[in-house]
>>> print(open('run-v4.cif').read())   # mmCIF, C-alpha atoms and all ligand atoms
data_work
#
loop_
_atom_site.label_atom_id
_atom_site.label_comp_id
_atom_site.auth_asym_id
_atom_site.auth_seq_id
_atom_site.Cartn_x
_atom_site.Cartn_y
_atom_site.Cartn_z
CA MET A 1 103.86 97.11 125.36
CA ASP A 2 100.92 98.19 127.51
CA VAL A 3 100.74 101.96 127.10
CA ILE A 4 102.09 103.57 123.94
CA ARG A 5 103.01 107.22 124.26
CA ALA A 6 104.10 109.72 121.65
CA GLY A 7 106.40 112.74 121.49
CA VAL A 8 106.14 115.31 118.68
CA ILE A 9 109.12 117.26 117.32
CA GLY A 10 108.08 120.45 115.50
CA THR A 11 105.38 122.86 116.57
CA GLY A 12 104.65 124.76 113.34
CA PHE A 13 101.78 124.11 110.94
CA ILE A 14 101.65 120.34 110.93
CA GLY A 15 103.02 119.37 114.37
CA PRO A 16 99.75 120.40 116.07
CA ALA A 17 97.81 118.35 113.47
CA HIS A 18 99.77 115.27 114.66
CA VAL A 19 99.03 116.13 118.30
CA GLU A 20 95.30 116.60 117.70
CA ALA A 21 94.98 113.35 115.75
CA LEU A 22 96.86 111.35 118.39
CA ARG A 23 94.64 112.69 121.13
CA ARG A 24 91.50 111.84 119.20
CA LEU A 25 92.75 108.25 119.31
CA GLY A 26 93.37 108.45 123.06
CA ILE A 27 97.15 108.32 122.63
CA GLU A 28 99.02 110.38 125.19
CA VAL A 29 101.39 113.03 123.85
CA VAL A 30 104.09 113.20 126.50
CA GLY A 31 105.62 116.44 125.24
CA ILE A 32 106.80 118.51 122.30
CA ALA A 33 110.08 120.03 121.13
CA GLY A 34 110.49 123.01 118.82
CA SER A 35 113.40 125.05 117.50
CA SER A 36 113.65 126.61 120.98
CA PRO A 37 111.75 126.12 124.26
CA GLU A 38 110.69 129.80 124.11
CA ARG A 39 108.95 129.29 120.76
CA ALA A 40 107.52 125.90 121.71
CA ARG A 41 106.04 126.99 125.05
CA PRO A 42 103.08 129.06 123.73
CA LYS A 43 102.28 126.22 121.32
CA ALA A 44 102.36 123.76 124.23
CA GLU A 45 100.04 125.99 126.24
CA ALA A 46 97.59 126.31 123.35
CA LEU A 47 97.57 122.51 123.03
CA ASN A 48 97.46 121.89 126.80
CA ILE A 49 100.73 119.96 126.72
CA ARG A 50 102.67 120.14 129.95
CA LYS A 51 106.14 119.12 128.84
CA VAL A 52 108.36 121.19 126.55
CA TYR A 53 111.76 119.64 125.94
CA ALA A 54 114.79 121.95 125.88
CA ASP A 55 116.06 120.08 122.82
CA TRP A 56 114.60 117.44 120.47
CA ARG A 57 117.35 115.02 121.59
CA ASP A 58 115.84 115.05 125.10
CA LEU A 59 112.47 114.01 123.66
CA VAL A 60 114.10 111.14 121.75
CA ALA A 61 115.94 110.01 124.91
CA ASP A 62 112.87 110.17 127.18
CA PRO A 63 111.96 106.58 128.23
CA ALA A 64 108.30 107.67 128.48
CA VAL A 65 108.20 108.25 124.70
CA ASN A 66 107.70 105.12 122.55
CA VAL A 67 106.88 106.78 119.23
CA VAL A 68 108.64 109.87 117.84
CA HIS A 69 106.72 112.05 115.37
CA ILE A 70 108.99 114.26 113.22
CA THR A 71 107.30 117.39 111.83
CA THR A 72 110.27 119.68 111.20
CA PRO A 73 111.70 121.17 107.97
CA ASN A 74 112.92 118.51 105.55
CA TYR A 75 116.69 118.73 106.21
CA LEU A 76 116.10 117.67 109.84
CA HIS A 77 114.16 114.47 109.05
CA TYR A 78 117.28 112.33 108.50
CA PRO A 79 119.24 113.18 111.70
CA MET A 80 116.10 113.09 113.82
CA ALA A 81 114.76 109.81 112.43
CA LYS A 82 118.21 108.22 112.70
CA ALA A 83 118.55 109.26 116.35
CA ALA A 84 115.05 108.01 117.16
CA ILE A 85 115.71 104.61 115.55
CA GLU A 86 119.04 104.33 117.40
CA ALA A 87 117.15 105.00 120.64
CA GLY A 88 114.82 102.08 119.76
CA LYS A 89 111.79 104.29 119.13
CA HIS A 90 109.08 103.78 116.52
CA VAL A 91 109.06 106.69 114.06
CA VAL A 92 106.36 108.60 112.18
CA CYS A 93 108.20 111.02 109.86
CA GLU A 94 106.81 113.80 107.72
CA LYS A 95 107.40 113.75 103.99
CA PRO A 96 109.71 113.83 102.12
CA LEU A 97 111.52 111.23 104.23
CA ALA A 98 115.00 112.64 103.53
CA MET A 99 117.04 115.02 101.37
CA ASN A 100 118.44 112.28 99.09
CA SER A 101 118.19 108.55 98.44
CA GLN A 102 121.40 107.70 100.34
CA GLN A 103 119.74 109.07 103.47
CA SER A 104 116.34 107.48 102.82
CA ALA A 105 117.93 104.09 102.02
CA GLU A 106 119.95 104.26 105.24
CA LEU A 107 116.88 105.13 107.31
CA LEU A 108 114.96 102.22 105.81
CA ARG A 109 117.86 99.85 106.53
CA LEU A 110 118.38 101.10 110.09
CA ALA A 111 114.67 100.96 110.97
CA THR A 112 114.34 97.45 109.56
CA GLN A 113 117.44 96.23 111.41
CA ALA A 114 116.29 97.82 114.68
CA GLY A 115 112.86 96.18 114.41
CA VAL A 116 111.01 99.45 114.95
CA VAL A 117 107.78 100.45 113.20
CA HIS A 118 108.35 103.19 110.62
CA ALA A 119 105.81 105.35 108.82
CA VAL A 120 105.91 108.33 106.47
CA ASN A 121 103.06 110.80 106.74
CA TYR A 122 101.46 110.34 103.31
CA ASN A 123 98.12 111.09 104.94
CA ILE A 124 96.12 111.67 101.75
CA ARG A 125 95.82 107.91 101.30
CA PHE A 126 93.57 108.01 104.37
CA TYR A 127 90.66 109.98 102.97
CA PRO A 128 87.90 107.35 103.02
CA MET A 129 87.21 107.84 99.29
CA CYS A 130 90.90 107.26 98.46
CA GLN A 131 90.78 104.04 100.46
CA GLU A 132 87.61 103.18 98.52
CA ALA A 133 89.36 103.84 95.18
CA HIS A 134 92.23 101.60 96.35
CA ALA A 135 89.86 98.80 97.39
CA ARG A 136 87.90 98.99 94.11
CA ALA A 137 91.11 98.99 92.04
CA ALA A 138 92.47 96.05 94.04
CA ARG A 139 89.36 93.94 93.33
CA GLY A 140 89.74 94.66 89.60
CA ASP A 141 87.01 97.26 89.00
CA LEU A 142 89.30 99.40 86.81
CA GLY A 143 90.42 96.52 84.59
CA ASN A 144 93.76 97.32 82.96
CA VAL A 145 94.92 100.79 83.93
CA TYR A 146 95.47 102.95 80.83
CA ILE A 147 96.08 106.49 82.08
CA ILE A 148 96.76 108.12 85.47
CA ARG A 149 96.27 111.90 85.19
CA GLY A 150 96.00 114.81 87.54
CA SER A 151 97.50 117.66 89.46
CA TYR A 152 98.34 119.10 92.83
CA LEU A 153 97.88 122.88 92.75
CA GLN A 154 98.31 125.59 95.40
CA ASP A 155 98.48 129.41 95.44
CA TRP A 156 100.35 130.20 98.67
CA LEU A 157 103.60 131.10 96.83
CA PHE A 158 101.79 133.24 94.21
CA TYR A 159 103.45 136.58 95.11
CA ASP A 160 107.17 137.36 95.13
CA THR A 161 106.74 138.40 98.78
CA ASP A 162 105.48 134.93 99.78
CA TRP A 163 108.31 133.30 101.73
CA ASN A 164 108.88 129.98 103.49
CA TRP A 165 111.85 127.74 104.36
CA ARG A 166 110.74 125.44 101.49
CA LEU A 167 112.24 128.06 99.09
CA GLU A 168 115.72 127.50 100.54
CA PRO A 169 117.26 124.30 99.07
CA GLU A 170 119.50 123.66 102.08
CA LEU A 171 116.38 123.48 104.29
CA GLY A 172 113.75 122.09 101.91
CA GLY A 173 115.79 120.20 99.32
CA SER A 174 116.77 120.81 95.71
CA LEU A 175 113.19 120.12 94.53
CA ARG A 176 110.26 122.14 95.86
CA ALA A 177 106.80 121.66 94.31
CA VAL A 178 107.59 118.09 93.21
CA ALA A 179 108.98 116.99 96.60
CA ASP A 180 106.52 118.93 98.74
CA ILE A 181 103.22 118.15 97.00
CA GLY A 182 104.06 116.05 93.93
CA THR A 183 105.17 113.13 96.10
CA HIS A 184 101.73 113.13 97.77
CA TRP A 185 100.12 112.72 94.32
CA LEU A 186 102.62 110.06 93.21
CA ASP A 187 102.29 108.12 96.47
CA LEU A 188 98.49 108.26 96.36
CA THR A 189 98.07 107.16 92.75
CA SER A 190 100.57 104.31 93.14
CA PHE A 191 98.77 103.23 96.33
CA ILE A 192 95.41 103.20 94.52
CA THR A 193 96.55 101.41 91.35
CA GLY A 194 99.32 99.27 92.83
CA LEU A 195 101.54 100.43 89.94
CA ARG A 196 105.07 101.80 90.26
CA VAL A 197 106.52 104.50 88.03
CA GLN A 198 109.32 103.13 85.84
CA ALA A 199 110.44 106.24 83.93
CA VAL A 200 109.78 109.98 83.91
CA LEU A 201 110.06 112.98 81.56
CA ALA A 202 109.89 116.27 83.45
CA ASP A 203 109.53 119.94 82.54
CA PHE A 204 110.10 122.59 85.27
CA ARG A 205 109.57 126.32 85.40
CA THR A 206 110.45 128.93 88.03
CA PHE A 207 108.10 131.80 87.15
CA ILE A 208 109.28 133.97 90.03
CA PRO A 209 113.09 133.83 89.76
CA VAL A 210 113.71 136.44 92.47
CA ARG A 211 111.73 136.56 95.71
CA LYS A 212 111.68 138.94 98.65
CA LYS A 213 112.61 137.35 101.93
CA PRO A 214 111.71 139.15 105.18
CA ALA A 215 114.99 140.44 106.66
CA LYS A 216 114.03 139.12 110.10
CA PRO A 217 111.91 136.10 111.10
CA ILE A 218 108.18 136.89 111.10
CA ASP A 219 105.12 135.05 112.27
CA THR A 220 102.67 133.68 109.74
CA PHE A 221 100.34 136.36 108.24
CA VAL A 222 102.40 139.28 109.64
CA GLY A 223 104.00 139.44 106.17
CA LYS A 224 101.19 141.72 104.90
CA GLU A 225 102.34 144.49 107.27
CA LEU A 226 105.93 144.62 105.99
CA ARG A 227 107.32 147.54 103.90
CA ALA A 228 109.77 147.37 100.98
CA GLU A 229 112.82 148.00 103.20
CA ASP A 230 111.90 145.01 105.39
CA TYR A 231 112.85 142.57 102.61
CA VAL A 232 116.02 141.22 101.00
CA GLU A 233 115.88 139.96 97.40
CA LEU A 234 117.04 136.40 96.78
CA PRO A 235 117.32 134.31 93.59
CA ILE A 236 115.15 131.19 93.50
CA HIS A 237 116.46 127.99 91.97
CA THR A 238 113.64 125.54 92.75
CA GLU A 239 110.55 124.92 90.61
CA ASP A 240 107.25 126.82 91.05
CA TYR A 241 105.74 124.42 88.51
CA ALA A 242 106.39 120.99 87.03
CA THR A 243 104.67 118.72 84.57
CA VAL A 244 105.91 115.13 84.55
CA LEU A 245 105.08 112.43 82.00
CA LEU A 246 105.02 109.04 83.74
CA ALA A 247 105.58 105.54 82.36
CA TYR A 248 104.27 102.87 84.72
CA GLU A 249 105.13 99.20 84.92
CA GLY A 250 102.70 97.15 82.83
CA GLY A 251 102.30 99.86 80.18
CA ALA A 252 100.08 102.47 81.86
CA ARG A 253 100.93 106.09 81.14
CA GLY A 254 100.44 109.19 83.26
CA VAL A 255 100.86 112.91 83.58
CA MET A 256 101.09 115.02 86.74
CA THR A 257 101.14 118.80 87.01
CA VAL A 258 102.17 120.47 90.26
CA SER A 259 102.31 124.18 91.01
CA GLN A 260 102.39 126.55 93.96
CA VAL A 261 101.44 129.66 91.91
CA CYS A 262 97.88 128.83 90.70
CA ALA A 263 95.58 131.64 91.93
CA GLY A 264 92.51 130.29 93.68
CA ARG A 265 93.70 126.71 93.95
CA LYS A 266 94.37 126.61 97.68
CA ASN A 267 95.39 123.01 98.13
CA ARG A 268 93.84 120.90 95.42
CA LEU A 269 95.00 117.37 94.63
CA ALA A 270 93.01 115.79 91.82
CA PHE A 271 93.38 112.50 89.96
CA GLU A 272 91.57 110.64 87.22
CA ILE A 273 92.43 107.04 86.53
CA ASP A 274 91.22 105.57 83.25
CA GLY A 275 90.94 101.79 83.11
CA SER A 276 89.67 99.30 80.52
CA ARG A 277 86.42 98.80 82.51
CA LEU A 278 85.72 102.21 84.10
CA ALA A 279 87.35 105.39 85.39
CA LEU A 280 87.76 106.78 88.92
CA ALA A 281 88.23 110.46 89.79
CA TRP A 282 88.67 112.40 93.05
CA ASP A 283 89.35 115.99 94.11
CA SER A 284 90.72 116.79 97.58
CA GLU A 285 88.62 119.97 97.75
CA ARG A 286 85.47 117.75 97.49
CA PRO A 287 86.93 114.82 99.43
CA ASN A 288 83.72 113.00 100.31
CA GLU A 289 82.87 112.20 96.67
CA LEU A 290 84.30 109.58 94.34
CA TRP A 291 83.38 109.87 90.65
CA ILE A 292 82.99 106.61 88.75
CA GLY A 293 82.91 106.98 84.97
CA HIS A 294 81.17 104.49 82.65
CA ARG A 295 81.04 104.17 78.89
CA ASP A 296 77.73 102.28 78.71
CA GLY A 297 75.57 103.88 81.35
CA PRO A 298 75.19 106.87 83.64
CA ASN A 299 78.27 107.95 85.58
CA GLU A 300 78.12 107.58 89.37
CA LEU A 301 78.96 109.95 92.19
CA LEU A 302 79.56 107.88 95.31
CA MET A 303 79.21 109.89 98.52
CA LYS A 304 81.15 108.84 101.58
CA ASP A 305 78.78 106.69 103.61
CA PRO A 306 80.23 103.73 105.53
CA SER A 307 77.24 101.60 104.58
CA LEU A 308 78.11 102.06 100.88
CA LEU A 309 81.87 101.50 101.17
CA THR A 310 83.88 98.31 100.80
CA PRO A 311 84.82 96.79 104.23
CA ARG A 312 88.43 97.95 104.02
CA ALA A 313 87.53 101.57 103.30
CA ARG A 314 84.74 101.46 105.89
CA ASP A 315 87.40 100.88 108.56
CA PHE A 316 88.81 104.34 107.74
CA ALA A 317 85.50 106.25 107.85
CA SER A 318 84.46 107.24 111.38
CA TYR A 319 81.20 109.09 110.71
CA PRO A 320 77.91 108.28 108.95
CA GLY A 321 77.03 109.50 105.46
CA GLY A 322 76.54 113.26 105.14
CA HIS A 323 78.95 113.91 108.02
CA ASN A 324 81.98 115.07 106.11
CA GLU A 325 85.47 113.86 106.93
CA GLY A 326 88.44 116.00 105.94
CA PHE A 327 92.13 116.78 106.27
CA PRO A 328 92.52 116.36 110.07
CA ASP A 329 90.66 113.05 109.91
CA THR A 330 93.28 111.61 107.55
CA PHE A 331 95.93 112.01 110.25
CA LYS A 332 93.72 110.21 112.75
CA GLN A 333 93.06 107.32 110.33
CA LEU A 334 96.77 107.00 109.46
CA TYR A 335 97.83 106.87 113.13
CA LYS A 336 95.00 104.45 113.88
CA ALA A 337 96.65 102.05 111.43
CA VAL A 338 100.19 102.75 112.70
CA TYR A 339 99.42 102.39 116.40
CA ARG A 340 97.27 99.28 115.82
CA TYR A 341 100.30 97.77 114.07
CA ILE A 342 102.64 98.77 116.92
CA ARG A 343 100.25 97.27 119.46
CA ALA A 344 99.94 94.01 117.49
CA GLY A 345 103.74 93.75 117.53
CA ASP A 346 104.14 91.42 114.52
CA LEU A 347 106.46 93.12 112.04
CA THR A 348 106.17 90.23 109.58
CA VAL A 349 102.62 91.37 108.69
CA PRO A 350 102.55 93.76 105.68
CA PRO A 351 101.73 97.24 107.03
CA ASP A 352 98.55 98.97 105.80
CA PHE A 353 100.16 102.42 105.96
CA PRO A 354 103.04 104.14 104.11
CA THR A 355 106.43 103.08 105.50
CA PHE A 356 110.02 104.22 105.02
CA ALA A 357 110.06 101.91 101.96
CA ASP A 358 107.40 104.17 100.39
CA GLY A 359 109.28 107.25 101.60
CA HIS A 360 112.48 105.95 99.98
CA GLU A 361 110.59 105.19 96.76
CA GLU A 362 109.37 108.81 96.62
CA VAL A 363 112.90 110.15 97.10
CA LEU A 364 114.12 107.90 94.24
CA LEU A 365 111.30 109.26 92.08
CA CYS A 366 112.26 112.84 92.96
CA GLU A 367 115.85 112.19 91.92
CA ALA A 368 114.76 110.75 88.56
CA ILE A 369 112.39 113.69 87.98
CA GLU A 370 115.08 116.25 88.85
CA ARG A 371 117.58 114.58 86.52
CA SER A 372 115.03 114.40 83.72
CA ALA A 373 114.22 118.12 84.01
CA ARG A 374 117.92 118.97 84.01
CA GLU A 375 118.86 116.72 81.08
CA GLN A 376 115.54 117.15 79.19
CA ARG A 377 115.09 113.42 78.51
CA TRP A 378 113.30 110.31 79.81
CA VAL A 379 115.00 108.92 82.94
CA GLU A 380 114.47 105.46 84.47
CA VAL A 381 113.68 105.33 88.19
CA GLU A 382 116.40 103.39 90.06
CA HIS A 383 114.14 101.26 92.26
P1 LIG B 401 106.64 124.88 109.85
O1 LIG B 401 107.73 125.80 109.44
O2 LIG B 401 105.28 125.45 110.05
O3 LIG B 401 107.06 124.14 111.19
C1 LIG B 401 108.32 123.56 111.36
C2 LIG B 401 108.57 123.33 112.83
O4 LIG B 401 109.87 122.74 113.01
C3 LIG B 401 108.57 124.60 113.68
O5 LIG B 401 107.75 124.39 114.78
C4 LIG B 401 110.00 124.75 114.16
O6 LIG B 401 110.07 125.28 115.44
C5 LIG B 401 110.45 123.30 114.17
N1 LIG B 401 111.91 123.20 114.14
C6 LIG B 401 112.76 123.82 113.30
N2 LIG B 401 114.04 123.51 113.64
C7 LIG B 401 113.96 122.69 114.72
C8 LIG B 401 114.93 122.04 115.54
N3 LIG B 401 116.24 122.16 115.30
N4 LIG B 401 114.50 121.29 116.57
C9 LIG B 401 113.19 121.13 116.83
N5 LIG B 401 112.23 121.72 116.08
C10 LIG B 401 112.62 122.49 115.04
O7 LIG B 401 106.62 123.73 108.76
P2 LIG B 401 105.42 122.73 108.41
O8 LIG B 401 104.62 123.31 107.29
O9 LIG B 401 104.73 122.29 109.64
O10 LIG B 401 106.24 121.50 107.76
C11 LIG B 401 106.99 120.61 108.56
C12 LIG B 401 107.13 119.27 107.84
O11 LIG B 401 105.85 118.71 107.65
C13 LIG B 401 107.76 119.35 106.45
O12 LIG B 401 108.60 118.26 106.24
C14 LIG B 401 106.58 119.28 105.50
O13 LIG B 401 106.90 118.71 104.26
C15 LIG B 401 105.62 118.43 106.28
N6 LIG B 401 104.19 118.73 106.00
C16 LIG B 401 103.35 117.70 105.71
C17 LIG B 401 102.01 117.93 105.47
C18 LIG B 401 101.08 116.78 105.18
O14 LIG B 401 99.95 117.01 104.78
N7 LIG B 401 101.49 115.55 105.39
C19 LIG B 401 101.52 119.25 105.48
C20 LIG B 401 102.41 120.28 105.80
C21 LIG B 401 103.73 120.01 106.06
#
>>> encode(input="run-v4.cif", output="structure tokens", more="lines below")
Ligand code: NAD
Amino acid sequence: MDVIRAGVIGTGFIGPAHVEALRRLGIEVVGIAGSSPERARPKAEALNIRKVYADWRDLVADPAVNVVHITTPNYLHYPMAKAAIEAGKHVVCEKPLAMNSQQSAELLRLATQAGVVHAVNYNIRFYPMCQEAHARAARGDLGNVYIIRGSYLQDWLFYDTDWNWRLEPELGGSLRAVADIGTHWLDLTSFITGLRVQAVLADFRTFIPVRKKPAKPIDTFVGKELRAEDYVELPIHTEDYATVLLAYEGGARGVMTVSQVCAGRKNRLAFEIDGSRLALAWDSERPNELWIGHRDGPNELLMKDPSLLTPRARDFASYPGGHNEGFPDTFKQLYKAVYRYIRAGDLTVPPDFPTFADGHEEVLLCEAIERSAREQRWVEVEH
């Protein structure tokens, strides 16, 4: 395949992040598709994209598109990914991969049988300091992993007037905070340690049981101008908060807290991993620093600087020390790995990016966590 071209379905928050990252890599974005051509057109103009497809199926069918990026609400991932695979396209799908494990298992099977490259957008792995933590763990720096602790906290659903499709289970899924942000934390910490979760014990809470939904669709940020009569009240059944105890293979233990109602925590993923030799800690709001904890000497704070990183992590840092790399860069680094793999064309090589197998694993974890919260007991993950 000489020239590899992409098409992006979804033009909301994260679709443009895909477009920008692809272009930084010199990959042509043939066109985009949104919920309607009318809504997609201004987005296309802002991004200087010439082609707006009337329907996402036209994008999938376009012979000029080799790779389909899916950045739509969660319930659409399965039909869109399935159609793209059936059209012989490589697929980069947003997380969570699907609404349940039947769907995610089927997507994994179909993509494997079709011989297409498949990726799930667990982009947080691609912060250089997360790659560094992975490389150091893989060479044994941590020793035996004892404890994997941390949280993913946000405040964008803090008020009862905060509304988004993620609050509607038929669009977002029956889990909210756990599926939306918890799976990022679980994917990242398993990637770093190489350990899979075997069993979970979960506690959920919905602190805002009734929310006010705008009676008509509104653009982002216009919500502040609405009056009381512009809302309808709706009961909420998904979790604002969850804490999950984790039992890993090999005996490590963990605990993860996720919440979308923590004032002041905008989008903060943090982990600490305690091993028998040292500890590693990272905070996504200070992403260019990796903390290394020692018992018998001063702790270290490693700043992102390619000259100080292991060779593997260095490959995912584009700028010299002191030149910070952040959220948009993670998309670029992830697609660099995916498109390099597509270009190489050898699907027998283990991919160095999250695939549908990882996406399926996260959906299995979600199902175990949901069951545990419902039944208030430890639940084994059905790998
Ligand atoms: P959003 O609501 O801002 O955007 C969703 C987009 O999907 C909109 O452009 C909408 O027009 C489009 N869409 C809806 N129905 C469609 C249809 N039938 N055909 C074509 N397009 C359609 O949502 P978002 O925050 O961008 O989230 C989208 C996905 O990305 C979700 O699965 C979410 O979990 C994921 N996401 C991932 C990250 C990350 O860091 N990896 C961050 C945010 C969102």
>>> atom_distance(input="run-v4.cif", atom1="atom CA of Ala317 of chain A", atom2="atom CA of Glu361 of chain A")
27.5 Å
>>> atom_distance(input="run-v4.cif", atom1="atom CA of Asn324 of chain A", atom2="atom CA of Thr183 of chain A")
25.3 Å
>>> atom_distance(input="run-v4.cif", atom1="atom CA of Gln198 of chain A", atom2="atom C17 of ligand LIG 401 (chain B)")
25.6 Å
>>> residues_around(input="run-v4.cif", residues="segment 105-109 of chain A", least_positions_apart="2", cutoff="7 Å", atoms="all atoms listed in the file", output="list in words")
Lys82, Ser101, Gln102, Gln103, Ala111, Thr112, Gln113, Phe356, Ala357 and His360 of chain A
>>> residues_near_ligand(input="run-v4.cif", ligand="ligand LIG 401 (chain B)", cutoff="7 Å", atoms="only C-alpha atoms and all ligand atoms", output="list in words")
Ile9, Gly10, Thr11, Gly12, Phe13, Ile14, Gly15, Ala33, Gly34, Ser35, Ser36, Arg39, Ala40, Asp55, Trp56, Thr71, Thr72, Pro73, Asn74, Glu94, Lys95, Pro96, Asn121, Tyr122, Asn123, Trp165 and Asp180 of chain A
>>> write_last_selection(input="run-v4.cif", atoms="C-alpha atoms", output="PDB file, in the frame of the given file")
ATOM      1  CA  ILE A   9     109.120 117.260 117.320  1.00  0.00           C
ATOM      2  CA  GLY A  10     108.080 120.450 115.500  1.00  0.00           C
ATOM      3  CA  THR A  11     105.380 122.860 116.570  1.00  0.00           C
ATOM      4  CA  GLY A  12     104.650 124.760 113.340  1.00  0.00           C
ATOM      5  CA  PHE A  13     101.780 124.110 110.940  1.00  0.00           C
ATOM      6  CA  ILE A  14     101.650 120.340 110.930  1.00  0.00           C
ATOM      7  CA  GLY A  15     103.020 119.370 114.370  1.00  0.00           C
ATOM      8  CA  ALA A  33     110.080 120.030 121.130  1.00  0.00           C
ATOM      9  CA  GLY A  34     110.490 123.010 118.820  1.00  0.00           C
ATOM     10  CA  SER A  35     113.400 125.050 117.500  1.00  0.00           C
ATOM     11  CA  SER A  36     113.650 126.610 120.980  1.00  0.00           C
ATOM     12  CA  ARG A  39     108.950 129.290 120.760  1.00  0.00           C
ATOM     13  CA  ALA A  40     107.520 125.900 121.710  1.00  0.00           C
ATOM     14  CA  ASP A  55     116.060 120.080 122.820  1.00  0.00           C
ATOM     15  CA  TRP A  56     114.600 117.440 120.470  1.00  0.00           C
ATOM     16  CA  THR A  71     107.300 117.390 111.830  1.00  0.00           C
ATOM     17  CA  THR A  72     110.270 119.680 111.200  1.00  0.00           C
ATOM     18  CA  PRO A  73     111.700 121.170 107.970  1.00  0.00           C
ATOM     19  CA  ASN A  74     112.920 118.510 105.550  1.00  0.00           C
ATOM     20  CA  GLU A  94     106.810 113.800 107.720  1.00  0.00           C
ATOM     21  CA  LYS A  95     107.400 113.750 103.990  1.00  0.00           C
ATOM     22  CA  PRO A  96     109.710 113.830 102.120  1.00  0.00           C
ATOM     23  CA  ASN A 121     103.060 110.800 106.740  1.00  0.00           C
ATOM     24  CA  TYR A 122     101.460 110.340 103.310  1.00  0.00           C
ATOM     25  CA  ASN A 123      98.120 111.090 104.940  1.00  0.00           C
ATOM     26  CA  TRP A 165     111.850 127.740 104.360  1.00  0.00           C
ATOM     27  CA  ASP A 180     106.520 118.930  98.740  1.00  0.00           C
TER      28      ASP A 180
END
>>> residues_near_point(input="run-v4.cif", point="(115.2, 115.1, 106.2)", cutoff="8 Å", atoms="only C-alpha atoms", output="PDB file with C-alpha atoms, keeping the file's coordinate frame")
ATOM      1  CA  PRO A  73     111.700 121.170 107.970  1.00  0.00           C
ATOM      2  CA  ASN A  74     112.920 118.510 105.550  1.00  0.00           C
ATOM      3  CA  TYR A  75     116.690 118.730 106.210  1.00  0.00           C
ATOM      4  CA  LEU A  76     116.100 117.670 109.840  1.00  0.00           C
ATOM      5  CA  HIS A  77     114.160 114.470 109.050  1.00  0.00           C
ATOM      6  CA  TYR A  78     117.280 112.330 108.500  1.00  0.00           C
ATOM      7  CA  PRO A  79     119.240 113.180 111.700  1.00  0.00           C
ATOM      8  CA  MET A  80     116.100 113.090 113.820  1.00  0.00           C
ATOM      9  CA  PRO A  96     109.710 113.830 102.120  1.00  0.00           C
ATOM     10  CA  LEU A  97     111.520 111.230 104.230  1.00  0.00           C
ATOM     11  CA  ALA A  98     115.000 112.640 103.530  1.00  0.00           C
ATOM     12  CA  MET A  99     117.040 115.020 101.370  1.00  0.00           C
TER      13      MET A  99
END
>>> closest_residue(input="run-v4.cif", among="A:Leu157, A:Ala242, A:Val349, A:Ile369", to="Arg265 of chain A", atoms="only C-alpha atoms")
A:Leu157
>>> residues_around(input="run-v4.cif", residues="Val338 of chain A", least_positions_apart="3", cutoff="9 Å", atoms="all atoms listed in the file", output="PyMOL selection string")
chain A and resi 92+117-119+333-335+341-343+351-353
>>> closest_residue(input="run-v4.cif", among="A:Leu278, A:Ala61, A:Ala54, A:Ile124", to="Phe327 of chain A", atoms="only C-alpha atoms")
A:Ile124
>>> closest_residue(input="run-v4.cif", among="A:Leu245, A:Leu234, A:Leu142, A:Val197", to="Gly293 of chain A", atoms="all atoms listed in the file")
A:Leu142
>>> residues_around(input="run-v4.cif", residues="Gly31 of chain A", least_positions_apart="3", cutoff="12 Å", atoms="only C-alpha atoms", output="PyMOL selection string")
chain A and resi 5-11+15-16+19+28+34+37+40-41+43-45+47-56+58-60+62+64-69
>>> closest_residue(input="run-v4.cif", among="A:Ile147, A:Ala344, A:Met303, A:Leu22", to="Asp2 of chain A", atoms="all atoms listed in the file")
A:Ala344
>>> closest_residue(input="run-v4.cif", among="A:Glu375, A:Glu20, A:Asp240, A:Asp296", to="Leu153 of chain A", atoms="only C-alpha atoms")
A:Asp240
>>> residues_around(input="run-v4.cif", residues="Phe271 of chain A", least_positions_apart="5", cutoff="6 Å", atoms="only C-alpha atoms", output="compact mmCIF listing (two decimals) with C-alpha atoms, in the frame of the given file")
# COMPACT_ATOMS: atom_id res chain seq x y z
CA ARG A 149 96.27 111.90 85.19
CA GLY A 150 96.00 114.81 87.54
CA ALA A 281 88.23 110.46 89.79
CA TRP A 282 88.67 112.40 93.05
>>> closest_residue(input="run-v4.cif", among="A:Ala215, A:Ile292, A:Asn100, A:Ala114", to="Ala83 of chain A", atoms="all atoms listed in the file")
A:Ala114
>>> residues_around(input="run-v4.cif", residues="Asp162 of chain A", least_positions_apart="4", cutoff="9 Å", atoms="all atoms listed in the file", output="list of chain:residue names")
A:Trp156, A:Leu157, A:Phe158, A:Arg211, A:Lys212, A:Lys213, A:Gly223
